[in-house]
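J.: query_10.tsv (TSV, C-alpha atoms) pasted underneath:
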```
chain	number	residue	atom	x	y	z
A	250	MET	CA	5.29	-42.27	-7.79
A	251	SER	CA	4.41	-39.31	-10.01
A	252	ASP	CA	0.65	-39.95	-9.82
A	253	ILE	CA	0.41	-39.27	-6.08
A	254	GLU	CA	-1.16	-35.86	-5.59
A	255	ILE	CA	-0.05	-34.06	-2.44
A	256	LYS	CA	-2.04	-30.98	-1.55
A	257	THR	CA	-2.54	-28.73	1.42
A	258	THR	CA	-4.75	-25.78	2.37
A	259	PRO	CA	-4.26	-22.90	-0.10
A	260	PHE	CA	-3.02	-19.49	1.01
A	261	ASP	CA	-5.53	-17.41	2.97
A	262	ALA	CA	-4.95	-13.65	3.08
A	263	ARG	CA	-6.67	-13.40	6.47
A	264	PHE	CA	-3.88	-15.49	8.02
A	265	PRO	CA	-0.63	-14.60	6.24
A	266	ASN	CA	1.77	-15.46	9.05
A	267	THR	CA	3.35	-18.71	10.20
A	268	ASN	CA	0.92	-19.06	13.10
A	269	GLN	CA	-2.13	-20.74	11.57
A	270	SER	CA	-4.05	-21.43	14.80
A	271	LYS	CA	-6.76	-18.90	13.98
A	272	HIS	CA	-7.03	-20.38	10.48
A	273	CYS	CA	-7.54	-23.81	12.08
A	274	TRP	CA	-10.26	-22.51	14.40
A	275	GLN	CA	-11.95	-20.51	11.66
A	276	SER	CA	-12.07	-23.55	9.34
A	277	TYR	CA	-13.45	-25.84	12.07
A	278	SER	CA	-16.07	-23.28	13.03
A	279	ASP	CA	-17.01	-22.56	9.39
A	280	TYR	CA	-17.31	-26.28	8.56
A	281	PHE	CA	-19.84	-26.93	11.29
A	282	LYS	CA	-21.73	-23.72	10.58
A	283	CYS	CA	-21.86	-24.83	6.92
A	284	ILE	CA	-23.11	-28.32	7.89
A	285	ASN	CA	-25.77	-26.91	10.20
A	286	ALA	CA	-26.96	-24.42	7.60
A	287	ARG	CA	-26.80	-26.53	4.39
A	288	GLY	CA	-26.74	-30.16	5.45
A	289	GLU	CA	-23.94	-32.70	5.50
A	290	ASP	CA	-24.00	-33.47	1.78
A	291	PHE	CA	-23.46	-29.89	0.58
A	292	ALA	CA	-20.21	-30.24	-1.40
A	293	PRO	CA	-18.57	-26.80	-0.81
A	294	CYS	CA	-18.47	-27.56	2.95
A	295	LYS	CA	-15.79	-30.16	2.16
A	296	ASP	CA	-13.20	-27.41	1.60
A	297	PHE	CA	-13.56	-26.28	5.22
A	298	LYS	CA	-13.30	-29.87	6.38
A	299	LYS	CA	-10.09	-30.45	4.40
A	300	ALA	CA	-8.70	-27.18	5.74
A	301	TYR	CA	-9.24	-27.98	9.40
A	302	GLN	CA	-8.05	-31.55	8.97
A	303	SER	CA	-4.79	-30.26	7.45
A	304	LEU	CA	-4.22	-27.36	9.80
A	305	CYS	CA	-5.51	-28.36	13.21
A	306	PRO	CA	-3.59	-30.46	15.70
A	307	ALA	CA	-5.40	-33.75	16.35
A	308	ASP	CA	-5.68	-32.87	20.05
A	309	TRP	CA	-7.69	-29.77	19.28
A	310	VAL	CA	-10.03	-31.55	16.87
A	311	GLY	CA	-10.55	-34.36	19.40
A	312	LYS	CA	-11.26	-31.91	22.22
A	313	TRP	CA	-13.71	-29.86	20.15
A	314	ASP	CA	-15.48	-32.99	18.85
A	315	GLU	CA	-15.95	-34.19	22.44
A	316	GLN	CA	-17.23	-30.79	23.49
A	317	ARG	CA	-19.65	-30.78	20.56
A	318	GLU	CA	-21.06	-34.13	21.62
A	319	GLU	CA	-21.46	-32.95	25.21
A	320	GLY	CA	-22.89	-29.62	24.07
A	321	THR	CA	-20.16	-27.64	25.87
A	322	LEU	CA	-18.46	-26.15	22.79
A	323	PRO	CA	-17.28	-22.66	23.84
A	324	PHE	CA	-18.16	-21.08	20.48
A	325	LYS	CA	-21.34	-21.06	18.40
A	326	VAL	CA	-21.66	-23.30	15.35
A	327	THR	CA	-25.34	-22.68	14.77
A	328	VAL	CA	-26.79	-19.85	12.57
B	176	MET	CA	6.40	21.47	29.84
B	177	SER	CA	7.47	24.93	31.10
B	178	GLY	CA	10.48	23.30	32.80
B	179	VAL	CA	11.47	21.79	29.47
B	180	ILE	CA	11.07	25.13	27.66
B	181	SER	CA	13.17	27.04	30.18
B	182	LEU	CA	15.83	24.30	30.05
B	183	VAL	CA	15.96	24.47	26.24
B	184	LYS	CA	16.17	28.30	26.34
B	185	ALA	CA	19.17	28.00	28.65
B	186	ASN	CA	20.80	25.24	26.55
B	187	PRO	CA	19.55	25.46	22.94
B	188	ALA	CA	21.64	22.44	21.93
B	189	LEU	CA	19.21	20.23	23.86
B	190	ALA	CA	16.31	21.06	21.52
B	191	PRO	CA	16.91	18.14	19.04
B	192	LEU	CA	16.98	15.72	22.01
B	193	PHE	CA	13.49	16.70	23.10
B	194	LEU	CA	12.22	16.92	19.54
B	195	PHE	CA	13.39	13.44	18.46
B	196	GLY	CA	12.72	11.82	21.83
B	197	GLY	CA	9.24	13.28	22.07
B	198	GLY	CA	8.52	12.45	18.45
B	199	GLY	CA	9.64	8.87	19.00
B	200	ILE	CA	7.46	8.41	22.10
B	201	VAL	CA	4.40	9.92	20.38
B	202	GLY	CA	5.07	7.83	17.25
B	203	GLY	CA	5.38	4.65	19.29
B	204	ILE	CA	2.13	5.20	21.16
B	205	ALA	CA	0.39	6.19	17.92
B	206	TYR	CA	1.59	2.97	16.24
B	207	ILE	CA	0.28	0.87	19.13
B	208	GLY	CA	-3.06	2.70	18.94
B	209	HIS	CA	-3.19	2.14	15.16
B	210	CYS	CA	-2.55	-1.60	15.56
B	211	LEU	CA	-5.21	-1.92	18.26
B	212	ALA	CA	-7.75	-0.02	16.18
B	213	ASN	CA	-7.05	-1.42	12.71
B	214	GLY	CA	-5.02	-4.62	13.11
B	215	PRO	CA	-6.71	-7.88	12.09
B	216	ASP	CA	-5.06	-9.85	14.90
B	217	VAL	CA	-6.44	-8.73	18.22
B	218	ILE	CA	-10.10	-9.02	19.20
B	219	ILE	CA	-10.99	-5.80	20.99
B	220	ASN	CA	-14.78	-5.85	20.74
B	221	LYS	CA	-15.87	-9.35	21.76
B	222	SER	CA	-19.55	-8.77	21.13
B	223	ALA	CA	-19.10	-7.70	17.49
B	224	PRO	CA	-20.78	-10.19	15.09
B	225	GLN	CA	-17.70	-10.56	12.91
B	226	LYS	CA	-14.12	-11.33	13.91
B	227	PRO	CA	-11.62	-8.59	12.94
B	228	TRP	CA	-9.75	-10.77	10.44
B	229	GLN	CA	-12.90	-11.45	8.39
B	230	ARG	CA	-12.77	-8.00	6.83
B	231	ILE	CA	-9.48	-8.80	5.02
B	232	GLN	CA	-10.21	-9.32	1.31
B	233	PRO	CA	-8.42	-12.12	-0.62
B	234	HIS	CA	-6.17	-9.61	-2.42
B	235	GLU	CA	-5.45	-7.47	0.62
B	236	ASN	CA	-2.06	-7.64	2.36
B	237	ALA	CA	-2.34	-7.34	6.13
B	238	LYS	CA	1.43	-7.08	6.63
B	239	LEU	CA	3.33	-3.80	6.69
B	240	TRP	CA	5.92	-5.02	4.23
B	241	SER	CA	6.34	-8.21	2.25
B	242	PRO	CA	9.31	-9.13	0.02
B	243	ASN	CA	7.11	-10.92	-2.53
B	244	LYS	CA	5.42	-8.04	-4.33
B	245	GLU	CA	4.62	-10.01	-7.52
B	246	PHE	CA	2.43	-12.42	-5.57
B	247	TRP	CA	0.27	-9.60	-4.23
B	248	GLN	CA	0.27	-7.82	-7.59
B	249	GLU	CA	-1.14	-10.98	-9.26
B	250	ARG	CA	-3.81	-11.32	-6.60
B	251	LYS	CA	-4.81	-7.69	-7.01
B	252	GLU	CA	-5.08	-8.09	-10.80
B	253	LYS	CA	-7.21	-11.21	-10.42
B	254	ALA	CA	-9.49	-9.40	-8.00
B	255	GLU	CA	-9.89	-6.48	-10.41
B	256	GLN	CA	-10.64	-8.87	-13.28
B	257	LEU	CA	-13.28	-10.59	-11.20
B	258	LYS	CA	-14.80	-7.24	-10.30
B	259	LYS	CA	-15.07	-6.23	-13.97
B	260	ALA	CA	-16.47	-9.59	-15.05
```
Represent the structure contained in this file as C-alpha coordinates.

T.:
Amino acid sequence: MSDIEIKTTPFDARFPNTNQSKHCWQSYSDYFKCINARGEDFAPCKDFKKAYQSLCPADWVGKWDEQREEGTLPFKVTV
Amino acid sequence: MSGVISLVKANPALAPLFLFGGGGIVGGIAYIGHCLANGPDVIINKSAPQKPWQRIQPHENAKLWSPNKEFWQERKEKAEQLKKA
(Lines of atoms letter the chains of each structure in order from A and count residues from 1; the text may use other names and numbers.)
(Lines give C-alpha, C1' and ligand atoms only; values in the text may rest on other atoms or scores of the structure.)
Protein backbone atom coordinates (compact mmCIF):
# COMPACT_ATOMS: atom_id res chain seq x y z
CA MET A 1 0.00 0.00 0.00
CA SER A 2 2.92 2.36 0.58
CA ASP A 3 3.99 2.35 -3.08
CA ILE A 4 0.81 4.01 -4.35
CA GLU A 5 1.61 7.62 -5.18
CA ILE A 6 -1.30 10.01 -4.75
CA LYS A 7 -0.78 13.47 -6.16
CA THR A 8 -2.86 16.47 -7.07
CA THR A 9 -2.33 19.85 -8.73
CA PRO A 10 0.31 21.88 -6.83
CA PHE A 11 -0.49 25.24 -5.27
CA ASP A 12 -0.94 28.11 -7.73
CA ALA A 13 -0.51 31.64 -6.38
CA ARG A 14 -2.92 33.02 -8.99
CA PHE A 15 -5.77 31.04 -7.40
CA PRO A 16 -5.16 30.95 -3.63
CA ASN A 17 -8.76 30.52 -2.52
CA THR A 18 -11.03 27.50 -2.17
CA ASN A 19 -12.84 28.28 -5.42
CA GLN A 20 -10.67 26.71 -8.12
CA SER A 21 -13.03 27.19 -11.08
CA LYS A 22 -10.80 29.77 -12.72
CA HIS A 23 -7.81 27.48 -12.19
CA CYS A 24 -9.75 24.70 -13.96
CA TRP A 25 -10.62 26.94 -16.90
CA GLN A 26 -7.12 28.37 -17.13
CA SER A 27 -5.55 24.88 -17.19
CA TYR A 28 -7.98 23.62 -19.85
CA SER A 29 -7.40 26.69 -21.99
CA ASP A 30 -3.61 26.54 -21.52
CA TYR A 31 -3.46 22.83 -22.38
CA PHE A 32 -5.16 23.29 -25.73
CA LYS A 33 -3.18 26.43 -26.50
CA CYS A 34 -0.03 24.43 -25.70
CA ILE A 35 -1.14 21.54 -27.95
CA ASN A 36 -1.99 23.88 -30.82
CA ALA A 37 1.30 25.74 -30.52
CA ARG A 38 3.74 22.85 -29.82
CA GLY A 39 2.04 19.66 -30.93
CA GLU A 40 0.47 16.85 -28.95
CA ASP A 41 3.73 15.14 -27.99
CA PHE A 42 5.33 18.16 -26.29
CA ALA A 43 5.87 16.84 -22.75
CA PRO A 44 5.41 20.03 -20.65
CA CYS A 45 1.81 20.29 -21.94
CA LYS A 46 1.03 17.21 -19.81
CA ASP A 47 1.14 19.32 -16.63
CA PHE A 48 -1.80 21.40 -17.86
CA LYS A 49 -3.66 18.25 -18.80
CA LYS A 50 -3.15 16.71 -15.36
CA ALA A 51 -4.23 19.98 -13.75
CA TYR A 52 -7.52 20.26 -15.61
CA GLN A 53 -8.26 16.57 -15.19
CA SER A 54 -7.82 16.93 -11.41
CA LEU A 55 -9.60 20.24 -10.98
CA CYS A 56 -12.42 20.37 -13.49
CA PRO A 57 -15.81 18.75 -12.99
CA ALA A 58 -16.38 16.05 -15.61
CA ASP A 59 -19.47 17.90 -16.86
CA TRP A 60 -17.42 20.94 -17.76
CA VAL A 61 -14.73 18.94 -19.54
CA GLY A 62 -17.39 17.01 -21.47
CA LYS A 63 -19.21 20.19 -22.46
CA TRP A 64 -16.03 21.95 -23.59
CA ASP A 65 -14.82 18.89 -25.52
CA GLU A 66 -18.15 18.76 -27.37
CA GLN A 67 -17.96 22.46 -28.11
CA ARG A 68 -14.41 22.04 -29.39
CA GLU A 69 -15.53 19.33 -31.79
CA GLU A 70 -18.41 21.47 -33.04
CA GLY A 71 -16.20 24.55 -33.23
CA THR A 72 -18.44 26.52 -30.85
CA LEU A 73 -15.96 26.88 -27.95
CA PRO A 74 -16.66 30.31 -26.41
CA PHE A 75 -12.98 31.06 -25.79
CA LYS A 76 -9.92 30.98 -28.04
CA VAL A 77 -7.47 28.09 -27.87
CA THR A 78 -5.47 29.05 -30.93
CA VAL A 79 -2.38 31.38 -30.91
CA MET B 1 -22.10 70.57 3.49
CA SER B 2 -22.95 74.04 4.86
CA GLY B 3 -25.92 72.50 6.71
CA VAL B 4 -23.55 70.05 8.35
CA ILE B 5 -21.10 72.81 9.31
CA SER B 6 -23.78 74.99 10.88
CA LEU B 7 -25.18 71.96 12.74
CA VAL B 8 -21.73 71.10 14.12
CA LYS B 9 -21.14 74.74 15.15
CA ALA B 10 -24.40 74.64 17.10
CA ASN B 11 -23.63 71.21 18.64
CA PRO B 12 -19.84 70.65 18.70
CA ALA B 13 -20.28 67.20 20.26
CA LEU B 14 -21.58 65.95 16.90
CA ALA B 15 -18.23 66.54 15.17
CA PRO B 16 -16.77 63.02 15.85
CA LEU B 17 -19.98 61.49 14.41
CA PHE B 18 -19.50 63.21 11.08
CA LEU B 19 -15.75 62.66 11.10
CA PHE B 20 -15.88 58.89 11.73
CA GLY B 21 -19.02 58.33 9.67
CA GLY B 22 -17.68 60.30 6.73
CA GLY B 23 -14.29 58.64 7.04
CA GLY B 24 -15.90 55.22 7.07
CA ILE B 25 -18.01 55.92 3.97
CA VAL B 26 -15.04 57.34 2.05
CA GLY B 27 -12.84 54.42 3.20
CA GLY B 28 -15.44 51.89 2.10
CA ILE B 29 -15.84 53.37 -1.36
CA ALA B 30 -12.06 53.71 -1.70
CA TYR B 31 -11.61 50.02 -0.80
CA ILE B 32 -14.17 48.97 -3.40
CA GLY B 33 -12.42 51.15 -5.99
CA HIS B 34 -9.05 49.63 -5.03
CA CYS B 35 -10.38 46.08 -5.42
CA LEU B 36 -11.91 46.88 -8.81
CA ALA B 37 -8.73 48.50 -10.04
CA ASN B 38 -6.10 46.15 -8.61
CA GLY B 39 -7.84 42.91 -7.59
CA PRO B 40 -6.94 39.78 -9.56
CA ASP B 41 -10.48 38.40 -9.39
CA VAL B 42 -12.78 40.55 -11.48
CA ILE B 43 -12.39 41.06 -15.22
CA ILE B 44 -13.06 44.73 -15.88
CA ASN B 45 -11.45 45.16 -19.30
CA LYS B 46 -12.67 42.25 -21.42
CA SER B 47 -10.63 43.17 -24.47
CA ALA B 48 -7.28 43.16 -22.64
CA PRO B 49 -4.97 40.39 -23.99
CA GLN B 50 -4.19 39.02 -20.54
CA LYS B 51 -6.56 38.04 -17.75
CA PRO B 52 -6.05 40.03 -14.51
CA TRP B 53 -4.89 37.03 -12.49
CA GLN B 54 -2.01 36.29 -14.88
CA ARG B 55 0.04 39.15 -13.48
CA ILE B 56 0.33 37.43 -10.06
CA GLN B 57 3.87 36.06 -9.66
CA PRO B 58 4.42 32.62 -8.03
CA HIS B 59 5.73 34.21 -4.82
CA GLU B 60 3.12 36.96 -4.64
CA ASN B 61 0.26 36.76 -2.12
CA ALA B 62 -3.00 38.08 -3.51
CA LYS B 63 -4.78 37.92 -0.14
CA LEU B 64 -4.89 40.79 2.33
CA TRP B 65 -3.84 38.60 5.22
CA SER B 66 -2.82 34.98 5.51
CA PRO B 67 -2.05 33.08 8.75
CA ASN B 68 0.72 31.01 7.13
CA LYS B 69 3.53 33.53 6.81
CA GLU B 70 6.34 30.93 6.65
CA PHE B 71 4.90 29.46 3.46
CA TRP B 72 5.02 32.81 1.69
CA GLN B 73 8.43 33.62 3.17
CA GLU B 74 9.84 30.38 1.69
CA ARG B 75 8.34 31.14 -1.70
CA LYS B 76 9.79 34.64 -1.66
CA GLU B 77 13.25 33.29 -0.78
CA LYS B 78 13.07 30.72 -3.58
CA ALA B 79 12.06 33.42 -6.03
CA GLU B 80 14.97 35.62 -4.96
CA GLN B 81 17.39 32.70 -5.28
CA LEU B 82 16.12 31.98 -8.76
CA LYS B 83 16.52 35.63 -9.69
CA LYS B 84 20.15 35.66 -8.53
CA ALA B 85 20.99 32.38 -10.24

J.: Can you check which parts of chain B lie within 6 Å of chain A? Per residue, the shortest pair of atoms and distance in Å to one decimal, counting only C-alpha atoms, sorted by chain and number, as CSV.

T.:
```
residue,atom,partner,partner_atom,distance
B:Trp228,CA,A:Arg263,CA,5.7
B:Ile231,CA,A:Arg263,CA,5.6
B:Pro233,CA,A:Ala262,CA,5.3
```

J.: What is the distance between CA of Tyr301 in chain A and CA of Gln269 in chain A, in Å to one decimal?

T.: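 Computing it gives 10.4 Å between the two atoms.
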
J.: Between CA of Phe297 in chain A and CA of Ser276 in chain A, what is the spacing in Å?

T.: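 The value is 5.2 Å.
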
J.: Show which residues sit within 10 Å of His234 in chain B, as a VMD selection string. Count only C-alpha atoms, and ignore same-chain residues fewer than 2 positions away.

T.: (chain A and resid 261 to 263) or (chain B and resid 231 to 232 236 to 237 246 to 255)

J.: Please list as a count of residues only every residue within 8 Å of Val326 in chain A, counting only C-alpha atoms and excluding residues in the same chain fewer than 5 positions away.

T.: 5

J.: Between CA of Pro215 in chain B and CA of Leu239 in chain B, what is the distance, to one decimal in Å?

T.: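 According to the coordinates, CA of Pro215 in chain B and CA of Leu239 in chain B are separated by 12.1 Å.
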
J.: Pick out the residues sitting within 10 Å of Thr257 in chain A, and hand them over as a short mmCIF file (atom, residue, chain, number, x, y, z; two decimals) with C-alpha atoms, keeping the file's coordinate frame; count all atoms listed in the file, and ignore anything fewer than 2 positions along from it in its own chain.

T.:
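around-v2.cif was written with the following content:
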```cif
data_model
loop_
_atom_site.label_atom_id
_atom_site.label_comp_id
_atom_site.auth_asym_id
_atom_site.auth_seq_id
_atom_site.Cartn_x
_atom_site.Cartn_y
_atom_site.Cartn_z
CA ILE A 255 -0.05 -34.06 -2.44
CA PRO A 259 -4.26 -22.90 -0.10
CA PHE A 260 -3.02 -19.49 1.01
CA LYS A 299 -10.09 -30.45 4.40
CA ALA A 300 -8.70 -27.18 5.74
CA GLN A 302 -8.05 -31.55 8.97
CA SER A 303 -4.79 -30.26 7.45
CA LEU A 304 -4.22 -27.36 9.80
#
```

J.: Kindly indicate which residue among B:Trp240, B:Asp216, B:Gly208, B:Val183 lies nearest to Ser270 in chain A, using all atoms listed in the file for the distances.

T.: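 Once distances to Ser270 in chain A are computed over all atoms listed in the file, the minimum belongs to B:Asp216.
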